[in-house]
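Student: Before anything else, here's the structure in question.
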Amino acid sequence: MQSLDQIFVTGKQWLLAFLPEALQPVGSILLVIAAIFGVFATLFAVTTILERKILGRIQNRFGPNRVGPFGFFQPAADGIKMLTKEDIVPRDADKIIHFLAPLALIIPVALALSVLPYGRNMVPVEFDAGLLFFFAVGASTELSVFMAGWSSRNKYSLVGAMRGIAQMISYEVPLVLSTVTVIMIVGSLSLVKIVEAQSGFLFGFLPSWHVFTPWGFAGFFLFMIAATAESNRSPFDLPEAESEIIAGYLTEYSGFKYALFFMGEYWGMFAISGLSVTLFLGGWNAPFPFLQFIPSYIWFFTKLVLIIFTFIWLRGTVPRLRLDQLMSFAWKFLLPLALTNIVVAAIWFFSRALQFPGALGLRWIFCAAILAVSYVWLGRGVAQAQRAKRVYQYAE
Amino acid sequence: MTPLHHYLIFSALLFSIGLAGALTRRNAILVLIGVEMMLNAANLNFIAFWRYSAHPEALTGVMFVIFSIGIAAAEAAVGLALIIAIYRHYKTTSLEKVDSLKG
Amino acid sequence: MAIETTFQPKATLGRTAPGNYTLLPKTPAGAIGGIDGTVLEVAMGPHHPSTHGVFRMDVSLDGETVVKLKPVFGYLHRNHEKIAENTTYLGSVPYTDRLDYLCSMTNNWAYALSVERLAGLQVPERAEYIRVITAELTRLVNHCSLIGFLMQDMGAMGTPLMYAFREREKILDLFESLSGSRMMCNYMRFGGCRCELPSGWIEQAKKVVTSFPEFLDHFEALLSENEILLARTQGVGVLSKELAINASITGPMLRASGVNYDIRKVDKYGIYDRFSFRVPLGEHGDVFDRYMMRVLEMRESLKLLEQALAQIPSGPIIDPKAKLRGFRQKPGEAYARIEGPKGELGFYLISDGSPNPYRYRVRPPSLINLTILEDMCLGQTIADAVIILGSVDIVLGEVDR
Amino acid sequence: MLGTGIIKGMVETARNFVGSYHDPERLTTVQYPEERLAPKENGRSFPFLVFDGNDQQAGLRCVACQICEKECPPQCIYINKSKDKKPDYVGKLQFYPATFDIDISVCMSCQICVEVCPFEAIKMDQVFELSTSDRFGKLLLHKPQLAKPNEYFHQLHPTDANEVDARLGEEKRKAEAKAAAAAAAAAAKLAAPKPAPDEPTKAT
Amino acid sequence: MNVAFILIAGLTLGSAIAAMSLRNLVHCALCTVITFAGLAAMYLQLNAQFVGFAQILVYVGAVAILILFAVLLTRNSENQPNTLLASPSWIIGILVAISVSGTIIYAVVKSTRLAQTLPPAPEATVQKIGEQLMTNYVLPLEIVALLLTAAMIGAVIIAMRDKNEKEDSGSKMITGNARERVSQPSTIHHPSSSQKTTR
């Protein structure tokens with residue numbers, strides 16, 4: 001079992017042994033890059049087809065089922081179509097920036113993917129401040145949105161880019177603040193250490209993941225909402241709202257550049273989902289002790305796919321928010337709740353000293369109560385417009 | 001290994017580019033960019049001196065740069081807000097045209 | 001509203017492209033306004049995903065706020081009225097299908113009613129019942145798909161639309177087995193209906209009608225309490241009672257503003273006075289009320305359908321005096337209106353004794369409800385303008401004719 | 001509480017997601033080229049001409065009265081009347097269409113030609129897979145393409161066809177009886193010295 | 001001399017020159033981003049991980065976006081008329097810059113007191129930085145926090161649009177339209193015995 005768990009690590013070392021000593025670091029980096037691109041390009045392809053199938057089933061349709069068995073070669077067909085499409089650049093566009101924008105998205109996102117621990121001893125680049133690195137490169141994806149929107153010289157693109165930047169900047173605040181709790185409890189910015197802190201089992205069978213603590217659950221909830229907004233997924237897909245602004249900043253993109261953008265957005269979603277798995281869902285840890293024989297990376301990707309499924313499910317259900325509602329939701333609801341959560345995490349952290357029997361339950365109830373009360377109270381503030389249930393009259 | 005004075009020369013060049021820009025360009029935003037660039041050049045000096053110092057565990061250079069980055073962010077925010085306010089009033093961001101104290 | 005008749009090409013740089021067209025000057029960097037407090041002028045349409053066909057909204061935006069909105073229609077103009085004036089009375093019936101292509105049955109009925117008024121034909125009782133049944137089924141079809149489209153405009157990824165269409169298909173199946181066509185029914189004739197109900201049709205219709213409330217419950221569970229939908233629709237696109245009356249808005253839109261005006265109750269055309277049904281009234285006149293009006297009206301229509309399907313008598317389905325071939329009328333005029341799913345649908349006919357009407361005029365609810373669009377959209381955001389347009393419930397075939 | 005409505009909605013979509021795997025009521029899609037819906041008896045696509053017997057030229061019911069050409073709202077029917085006459089199903093001499101074309105790229109499937117036809121000669125087909133690369137030639141159907149046997153009509157619209165056949169059979173029977181009576185009268189006339197005038201034929 | 005250093009330095013200086021000399025302001029701002037990112041790479045080279053990431057987070061993620069917003073918000077400043085290179089201000093500016101850089105470089109090259117050896121990589125972990133921030137530098141930290149808050153509020157107040165100005169333009173636009181259509185409402189009277197139902 002140990003060998004299966006470490007098969008990729010040993011495999012990499014075995015491959016590197018063929019190289020001369022001097023080239024081994026370079027070879028290692030290249031291998032990692034190839035692995036990340038290979039794995040996530042495949043996951044991207046699988047996710048596109050799964051998304052369409054799941055959305056289809058939610059809408060009582062079959063979804064694509066014509067190319068290959070159950071339509072599973074549809075991504076290949078789409079890829080070929082994208083590659084062979086004409087690459088149209090508007091005449092008035094700023095051609096260089098128009099060309100660079102998809103790259104400016106895909107590079108930071110690939111960088112962000114490279115710091116996540118995918119399994120035991122399986123982290124491509126281990127940084128002491130991995131979380132900070134993740135947010136630093138994540139913040140620079142906004143530039144690509146701006147570049148795409150501005151360089152297209154299209155009004156819809158510009159409006160979409162402005163929406164996108166405003167949304168991403170606003171939601172970065174609750175995103176970062178909700179992770180502060182994890183940093184406080186674990187005491188490290190290193191993603192590997194954060195995962196290790198979640199290994200082990202409470203009472204011998206309950207996973208000690210962060211999501212099973214009050215602050216962790218609230219943090220996960222906040223993080224996922226902010227992550228939905230950061231990755232431009234419904235109901236926060238305003239920058240690409242097709243019923244309002246065609247395709248937002250992607251309006252003037254076609255062919256391969258569009259495919260790159262598309263892939264970049266999905267990779268961003270994977271990256272941020274992977275981060276939430278790492279921070280709150282125990283990373284590559286198995287949920288139960290008797291399931292530990294399954295290799296760690298399988299657990300990571302299972303959790304990742306579950307989160308992606310939730311994204312798709314949500315997308316199939318809800319309509320889109322409006323820009324001002326989106327903003328007030330971020331600033332009036334998520335931000336105060338995230339700050340409350342930090343206080344709760346501090347209470348949790350310092351009440352560790354309590355050691356009498358039942359202390360855990362008491363801490364749990366106290367912290368959960370604070371969060372629940374503030375959730376209800378803040379939620380009422382956000383949704384005060386529709387408090388009054390409407391009553392309709394009938395005329396005979 | 002890169003010797004220390006290479007970093008210093010590099011930062012001097014960056015500083016002078018920022019200075020030249022701040023002195024020659026008329027647009028307020030570009031002047032601000034030039035100032036930011038000079039600030040960054042100075043930050044690089046701090047880091048380089050910290051790295052090559054005999055007692056790097058004191059973290060003085062790093063601390064200074066962290067505060068400097070924080071203050072630069074504040075400076076940029078206020079500076080750009082001022083530029084926007086001036087633009088609303090004068091309908092220009094050219095520093096040469098913004099020359100009267102009285103609105 | 002001044003109509004721009006002459007198109008003046010912008011000054012060109014004198015360059016010509018390889019083809020035979022002249023290039024407009026390049027957009028200078030930053031020529032697109034809209035961010036620095038200047039007004040951004042966007043032409044939404046005629047090919048825009050959410051204009052329900054070929055319709056254009058010339059919108060001026062201050063940031064995201066609409067400060068000016070000019071609806072431009074006519075892209076789908078097909079000369080319907082002029083064609084009808086050159087076609088026989090019978091030949092116009094299939095053209096009325098194509099006015100509001102979601103509700104061909106009600107269009108047929110309104111036209112048939114005006115010809116009957118012109119010719120003084122008596123509709124047999126069974127035909128009246130069939131008309132009520134098909135018209136109310138049409139109302140279900142229309143309201144169902146309208147809510148679906150509205151949610152689509154709101155960005156709900158087509159899920160409500162697909163559910164609505166799943167139910168709509170059942171009703172369209174009924175229409176197909178009755179009239180031979182799913183959407184272009186061409187079923188009603190002046191003096192009655194074209195053909196007898198196929199065997200088992202009533203039972204099938206009863207099955208659809210009894211299963212519909214369950215669908216509506218699930219549909220409402222999906223939508224009516226959704227916080228995002230409430231936030232998006234409540235207080236958006238408010239149309240005051242006075243403005244609605246003065247702009248002669250009709251249909252669910254008028255009732256959403258709280259005016260009790262339903263032609264089924266006012267005119268009691270056909271046999272609507274025999275059924276007990278209620279007219280839901282809104283209060284705020286916003287998009288949410290318009291959405292709820294449709295849901296509540298569907299429930300009332302279902303009650304009506306139950307009664308009609310239970311009471312339908314046997315008998316002839318067309319007035320024996322009605323003549324299809326070579327139908328001519330003595331000179332005269334007639335106007336008949338019905339409560340279509342979208343509002344008051346009327347046909348005005350003048351006969352000069354020839355086989356063709358001398359004058360033929362449609363009073364399309366879509367067009368008249370659309371005229372108030374700007375007043376509802378001003379001060380709202382662009383995203384609201386889209387759903388306000390969606391809540392008006394237009395079909396461009398009827399707007400442009 | 002904030003979020004309950006969304007959770008309710010998500011439960012609803014989850015029900016549909018699961019239901020679409022086992023509930024045929026939910027997954028109503030018909031996968032067209034492999035699966036087909038049974039055609040409805042009243043279904044209509046484009047008109048065709050009915051002929052009796054085996055010879056589509058001789059058995060064609062159409063007598064080129066051109067009523068459908070006049071009544072057709074989009075005016076997609078083009079008829080040229082023949083110079084000569086041929087006997088119809090009751091044996092009466094009638095004109096026949098020398099050419100009968102329908103431009104189905106213009107036709108809007110409204111069925112008005114069927115309603116106005118006094119001879120039950122034009123009926124609605126149910127074929128719909130008519131796509132072609134030739135926009136003008138292939139979509140202009142001529143008489144040989146339009147003429148379909150009465151059995152085909154029976155296949156498509158059995159109720160209507162039986163009714164029509166009964167009526168036509170009745171007419172034919174009457175006409176034959178009349179002809180027999182006339183023949184008997186003629187025979188009687190031949191036998192008797194006084195000649196009887198021929199009764200003029202009336203079109204129904 | 002390190003290849004990576006030359007590459008990063010060249011890219012950074014090149015983009016800095018471009019940022020200061022290009023005509024389109026958006027291009028300038030985007031080149032500034034490259035400069036900032038290059039500096040972050042320099043910090044990483046110097047084992048200052050935290051500072052490097054903070055540089056990207058603050059400069060690329062925030063300041064650059066702010067600059068871009070400012071460029072777009074001040075629209076007609078986007079395109080500058082081409083100023084001649086020979087104009088006096090250009091010459092003076094470049095002369096000053098050259099003399100400043102010349103002086104510094106001369107001093108650097110001539111200096112003998114500069115460390116010539118690279119000491120072993122220091123441990124600048126986040127934990128240590130945090131400890132320092134909470135102990136030795138706690139007062140500066142508080143002051144920076146205060147400064148940032150003040151700057152944020154100040155920036156918002158400065159950039160807020162004049163209320164009167166906005167209301168004027170807004171009302172003008174709206175009254176220009178068909179609001180006046182609401183005149184005397186004609187009344188429709190129908191029997192409306194109403195009945196309440198909870199929905």
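By convention in this document, the chains of the structure tokens carry letters A, B, ... by their order, each chain's residues are numbered from 1, and ligands are numbered from 1 in the order they are shown.
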Any idea what's packed within 12 Å of Pro108 in chain A, counting only C-alpha atoms, ignoring anything in its chain fewer than 2 positions away? Could you give it as a PyMOL selection string?
Tutor: (chain A and resi 101-106+110-115+133-144+264-265+267-268+271) or (chain E and resi 37+56+60-61)
Student: Where in range 2-102 of chain B does DSSP assign alpha helix (DSSP H), given as a PyMOL selection string?
Tutor: chain B and resi 4-24+28-52+60-90
Student: Write the selection just made, keeping C-alpha atoms, as a short mmCIF file (atom, residue, chain, number, x, y, z; two decimals), in the first residue's frame?
Tutor:
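What follows is the written file part-v9.cif:
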data_model
loop_
_atom_site.label_atom_id
_atom_site.label_comp_id
_atom_site.auth_asym_id
_atom_site.auth_seq_id
_atom_site.Cartn_x
_atom_site.Cartn_y
_atom_site.Cartn_z
CA LEU B 4 26.11 42.81 -4.20
CA HIS B 5 27.12 45.73 -6.37
CA HIS B 6 25.24 44.29 -9.33
CA TYR B 7 22.04 44.63 -7.38
CA LEU B 8 23.04 48.13 -6.40
CA ILE B 9 23.79 49.14 -9.96
CA PHE B 10 20.54 47.63 -11.09
CA SER B 11 18.61 49.50 -8.45
CA ALA B 12 20.43 52.74 -9.33
CA LEU B 13 19.43 52.33 -12.95
CA LEU B 14 15.84 51.58 -12.02
CA PHE B 15 15.83 54.59 -9.74
CA SER B 16 17.12 56.86 -12.46
CA ILE B 17 14.58 55.54 -14.96
CA GLY B 18 11.84 56.32 -12.46
CA LEU B 19 13.37 59.73 -11.84
CA ALA B 20 13.64 60.52 -15.51
CA GLY B 21 10.04 59.53 -16.02
CA ALA B 22 8.81 61.55 -13.08
CA LEU B 23 10.71 64.59 -14.30
CA THR B 24 9.86 64.43 -17.98
CA ALA B 28 0.17 62.84 -13.27
CA ILE B 29 -0.39 59.09 -13.38
CA LEU B 30 2.94 58.51 -15.05
CA VAL B 31 4.65 60.69 -12.50
CA LEU B 32 3.12 58.53 -9.83
CA ILE B 33 4.35 55.41 -11.59
CA GLY B 34 7.82 56.92 -11.68
CA VAL B 35 7.69 57.62 -7.96
CA GLU B 36 6.58 54.06 -7.28
CA MET B 37 9.47 52.80 -9.36
CA MET B 38 11.96 54.85 -7.35
CA LEU B 39 10.45 53.49 -4.17
CA ASN B 40 10.83 49.96 -5.45
CA ALA B 41 14.44 50.57 -6.38
CA ALA B 42 15.08 51.67 -2.83
CA ASN B 43 13.32 48.57 -1.51
CA LEU B 44 15.59 46.38 -3.58
CA ASN B 45 18.59 48.04 -1.94
CA PHE B 46 17.22 47.22 1.48
CA ILE B 47 16.74 43.59 0.60
CA ALA B 48 20.12 43.32 -1.05
CA PHE B 49 21.94 44.88 1.89
CA TRP B 50 20.00 42.63 4.27
CA ARG B 51 20.92 39.55 2.27
CA TYR B 52 24.61 40.44 2.15
CA THR B 60 15.82 44.65 9.57
CA GLY B 61 15.89 45.06 5.81
CA VAL B 62 12.94 42.77 5.31
CA MET B 63 10.92 44.57 7.92
CA PHE B 64 11.68 47.92 6.37
CA VAL B 65 10.57 46.71 2.96
CA ILE B 66 7.36 45.24 4.35
CA PHE B 67 6.46 48.58 5.89
CA SER B 68 7.54 50.36 2.77
CA ILE B 69 5.28 48.23 0.61
CA GLY B 70 2.39 48.89 2.96
CA ILE B 71 2.95 52.61 2.86
CA ALA B 72 3.43 52.60 -0.89
CA ALA B 73 0.04 50.98 -1.29
CA ALA B 74 -1.53 53.72 0.79
CA GLU B 75 0.38 56.34 -1.14
CA ALA B 76 -0.76 54.95 -4.46
CA ALA B 77 -4.38 54.88 -3.32
CA VAL B 78 -4.36 58.45 -2.10
CA GLY B 79 -2.32 59.67 -5.03
CA LEU B 80 -4.61 58.14 -7.59
CA ALA B 81 -7.67 59.40 -5.75
CA LEU B 82 -6.18 62.88 -5.90
CA ILE B 83 -5.50 62.51 -9.59
CA ILE B 84 -9.07 61.46 -10.21
CA ALA B 85 -10.38 64.37 -8.17
CA ILE B 86 -8.18 66.75 -10.10
CA TYR B 87 -9.32 65.23 -13.35
CA ARG B 88 -12.95 65.76 -12.40
CA HIS B 89 -12.23 69.39 -11.83
CA TYR B 90 -9.84 70.29 -14.63
#
Student: Quick one: pull the distance between CA of Leu296 in chain C and CA of Leu150 in chain C, Å, one decimal.
Tutor: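 Separation between CA of Leu296 in chain C and CA of Leu150 in chain C: 16.1 Å.
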Student: What's around Phe329 in chain A at 10 Å? Count only C-alpha atoms, leave out sequence neighbours fewer than 4 positions away in its own chain, and write the answer as a PyMOL selection string.
Tutor: chain A and resi 170-171+321+323-325+333-335+378-379+381-383
Student: Smallest atom-to-atom distance to chain C: which of A:Phe221, A:Phe356, A:Trp313, A:Phe127, using only C-alpha atoms?
Tutor: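 Looking only at the distances to chain C, the closest residue turns out to be A:Trp313.
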Student: Residues near range 99-116 of chain C, anyone? I mean within 9 Å using only C-alpha atoms, not counting same-chain ones fewer than 4 positions away, as number ranges by chain.
Tutor: C: 80, 89, 92-95, 120-123, 131, 134-139, 141-142, 145, 183-192, 269-270, 322, 334-341, 345-349, 362, 364, 366, 394-401
Student: Tell me which protein, DNA and RNA residues are within 7 Å of Arg294 in chain C, counting only C-alpha atoms, leaving out same-chain ones fewer than 3 positions away, and put them as JSON, numbers by chain.
Tutor: {"C": [143, 252, 290, 291, 297, 298]}
Student: Please, could you write that set of residues out with all heavy atoms as a CSV table (one decimal), in the first residue's frame?
Tutor:
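And here's again.csv as it stands now:
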chain,number,residue,atom,x,y,z
C,143,HIS,N,-47.4,31.2,-20.6
C,143,HIS,CA,-46.9,31.7,-19.3
C,143,HIS,C,-45.7,30.8,-18.9
C,143,HIS,O,-44.7,31.3,-18.3
C,143,HIS,CB,-48.0,31.6,-18.2
C,143,HIS,CG,-49.0,32.7,-18.4
C,143,HIS,ND1,-48.9,33.7,-19.4
C,143,HIS,CD2,-50.1,33.0,-17.8
C,143,HIS,CE1,-49.9,34.5,-19.3
C,143,HIS,NE2,-50.6,34.1,-18.3
C,252,PRO,N,-51.4,40.5,-18.1
C,252,PRO,CA,-50.8,40.3,-16.8
C,252,PRO,C,-50.0,41.4,-16.3
C,252,PRO,O,-49.9,41.7,-15.1
C,252,PRO,CB,-49.9,39.0,-17.0
C,252,PRO,CG,-50.5,38.4,-18.2
C,252,PRO,CD,-51.1,39.4,-19.1
C,290,ARG,N,-45.1,40.6,-11.8
C,290,ARG,CA,-45.4,40.1,-13.1
C,290,ARG,C,-45.2,38.6,-13.2
C,290,ARG,O,-46.0,37.8,-13.8
C,290,ARG,CB,-44.6,40.8,-14.2
C,290,ARG,CG,-45.3,42.1,-14.5
C,290,ARG,CD,-44.4,43.0,-15.4
C,290,ARG,NE,-44.3,44.3,-14.9
C,290,ARG,CZ,-43.3,45.1,-14.9
C,290,ARG,NH1,-42.2,44.7,-15.6
C,290,ARG,NH2,-43.3,46.3,-14.4
C,291,TYR,N,-44.1,38.2,-12.6
C,291,TYR,CA,-43.8,36.7,-12.6
C,291,TYR,C,-44.9,36.0,-11.8
C,291,TYR,O,-45.5,35.0,-12.3
C,291,TYR,CB,-42.4,36.5,-11.9
C,291,TYR,CG,-42.2,35.1,-11.3
C,291,TYR,CD1,-42.0,34.0,-12.1
C,291,TYR,CD2,-42.3,35.0,-9.9
C,291,TYR,CE1,-41.8,32.8,-11.5
C,291,TYR,CE2,-42.1,33.8,-9.3
C,291,TYR,CZ,-41.9,32.7,-10.1
C,291,TYR,OH,-41.7,31.4,-9.6
C,297,GLU,N,-52.1,33.0,-12.7
C,297,GLU,CA,-53.0,32.9,-13.8
C,297,GLU,C,-53.0,31.4,-14.3
C,297,GLU,O,-54.0,30.9,-14.7
C,297,GLU,CB,-52.6,33.8,-14.9
C,297,GLU,CG,-53.3,35.1,-14.7
C,297,GLU,CD,-53.1,36.0,-15.9
C,297,GLU,OE1,-52.9,35.5,-17.0
C,297,GLU,OE2,-53.2,37.2,-15.7
C,298,MET,N,-51.8,30.8,-14.3
C,298,MET,CA,-51.8,29.4,-14.7
C,298,MET,C,-52.6,28.6,-13.8
C,298,MET,O,-53.4,27.7,-14.3
C,298,MET,CB,-50.3,28.9,-14.7
C,298,MET,CG,-49.5,29.3,-15.9
C,298,MET,SD,-48.1,28.2,-16.1
C,298,MET,CE,-46.9,29.2,-15.2
Student: Mind pulling up the distance from CA of Trp215 in chain A to CA of Ala369 in chain A?
Tutor: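 Going from CA of Ala369 in chain A over to CA of Trp215 in chain A covers 10.8 Å.
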Student: As a list in words, please: the residues near Gly3 in chain D (cut-off 10 Å, only C-alpha atoms, same-chain neighbours under 2 positions excluded).
Tutor: Gly379 and Ala383 of chain A; Glu225, Asn226, Glu227 and Ile228 of chain C; Met1, Gly5, Ile6, Ile7, Lys8 and Gly9 of chain D
Student: I need the chosen residues saved as a PDB file, in the first residue's frame, with C-alpha atoms.
Tutor:
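Final output, saved to part_10.pdb:
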ATOM      1  CA  GLY A 379     -28.513  37.545   6.436  1.00  0.00           C
ATOM      2  CA  ALA A 383     -32.142  40.246   2.392  1.00  0.00           C
TER       3      ALA A 383
ATOM      4  CA  GLU C 225     -38.487  31.515  -2.768  1.00  0.00           C
ATOM      5  CA  ASN C 226     -35.061  31.697  -4.284  1.00  0.00           C
ATOM      6  CA  GLU C 227     -33.337  34.621  -2.587  1.00  0.00           C
ATOM      7  CA  ILE C 228     -31.476  35.587  -5.699  1.00  0.00           C
TER       8      ILE C 228
ATOM      9  CA  MET D   1     -33.220  32.642   6.884  1.00  0.00           C
ATOM     10  CA  GLY D   5     -34.807  29.254  -0.874  1.00  0.00           C
ATOM     11  CA  ILE D   6     -31.623  28.346  -2.676  1.00  0.00           C
ATOM     12  CA  ILE D   7     -31.346  25.071  -0.778  1.00  0.00           C
ATOM     13  CA  LYS D   8     -34.953  24.294  -1.657  1.00  0.00           C
ATOM     14  CA  GLY D   9     -34.152  24.946  -5.287  1.00  0.00           C
TER      15      GLY D   9
END
Student: Would you write out, as JSON lines, a table of all residues in chain C that have an atom no more than 6 Å from an atom of chain A, listing for each the closest atom pair and the distance in Å to one decimal, considering only C-alpha atoms and ordering rows by chain and rising residue number?
Tutor:
{"residue": "C:Lys26", "atom": "CA", "partner": "A:Asp92", "partner_atom": "CA", "distance": 5.7}
{"residue": "C:Thr27", "atom": "CA", "partner": "A:Asp92", "partner_atom": "CA", "distance": 5.9}
{"residue": "C:Pro49", "atom": "CA", "partner": "A:Ser243", "partner_atom": "CA", "distance": 5.5}
{"residue": "C:Ser50", "atom": "CA", "partner": "A:Ser243", "partner_atom": "CA", "distance": 5.0}
{"residue": "C:Asp153", "atom": "CA", "partner": "A:Ser243", "partner_atom": "CA", "distance": 5.3}
{"residue": "C:Met154", "atom": "CA", "partner": "A:Pro319", "partner_atom": "CA", "distance": 5.4}
{"residue": "C:Gly155", "atom": "CA", "partner": "A:Pro319", "partner_atom": "CA", "distance": 4.8}
{"residue": "C:Ala156", "atom": "CA", "partner": "A:Pro319", "partner_atom": "CA", "distance": 3.9}
{"residue": "C:Met157", "atom": "CA", "partner": "A:Gly316", "partner_atom": "CA", "distance": 5.9}
{"residue": "C:Thr159", "atom": "CA", "partner": "A:Gln59", "partner_atom": "CA", "distance": 5.1}
{"residue": "C:Met162", "atom": "CA", "partner": "A:Gln59", "partner_atom": "CA", "distance": 5.7}
{"residue": "C:Arg278", "atom": "CA", "partner": "A:Glu396", "partner_atom": "CA", "distance": 4.7}
{"residue": "C:Val279", "atom": "CA", "partner": "A:Ala395", "partner_atom": "CA", "distance": 5.0}
{"residue": "C:Pro280", "atom": "CA", "partner": "A:Tyr394", "partner_atom": "CA", "distance": 4.3}
{"residue": "C:Leu281", "atom": "CA", "partner": "A:Gln393", "partner_atom": "CA", "distance": 5.3}
{"residue": "C:Gly282", "atom": "CA", "partner": "A:Tyr392", "partner_atom": "CA", "distance": 6.0}
{"residue": "C:Ala383", "atom": "CA", "partner": "A:Glu244", "partner_atom": "CA", "distance": 5.8}
Student: Just to confirm, what's the straight-line distance from CA of Thr93 in chain B to CA of Arg25 in chain B in Å (one decimal)?
Tutor: 11.1 Å
Student: From a backbone DSSP assignment, name each residue in chain D labelled strand (DSSP E or B), as a PyMOL selection string.
Tutor: chain D and resi 47-51+60+77-87+93-103+122-124+140-141+147-149
Student: Between C:Lys170, C:Lys207, C:Lys323, C:Arg361, single out the one closest to Arg194 in chain C, counting only C-alpha atoms.
Tutor: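 Result for the nearest residue to Arg194 in chain C: C:Lys323.
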Student: Which residues are near Asp384 in chain C? Cut-off 10 Å, only C-alpha atoms, ignore same chain within fewer than 3 positions. Put them as number ranges by chain.
Tutor: A: 244, 322; C: 64-66, 153-154, 232-233, 236-237, 287, 376-381, 387-390
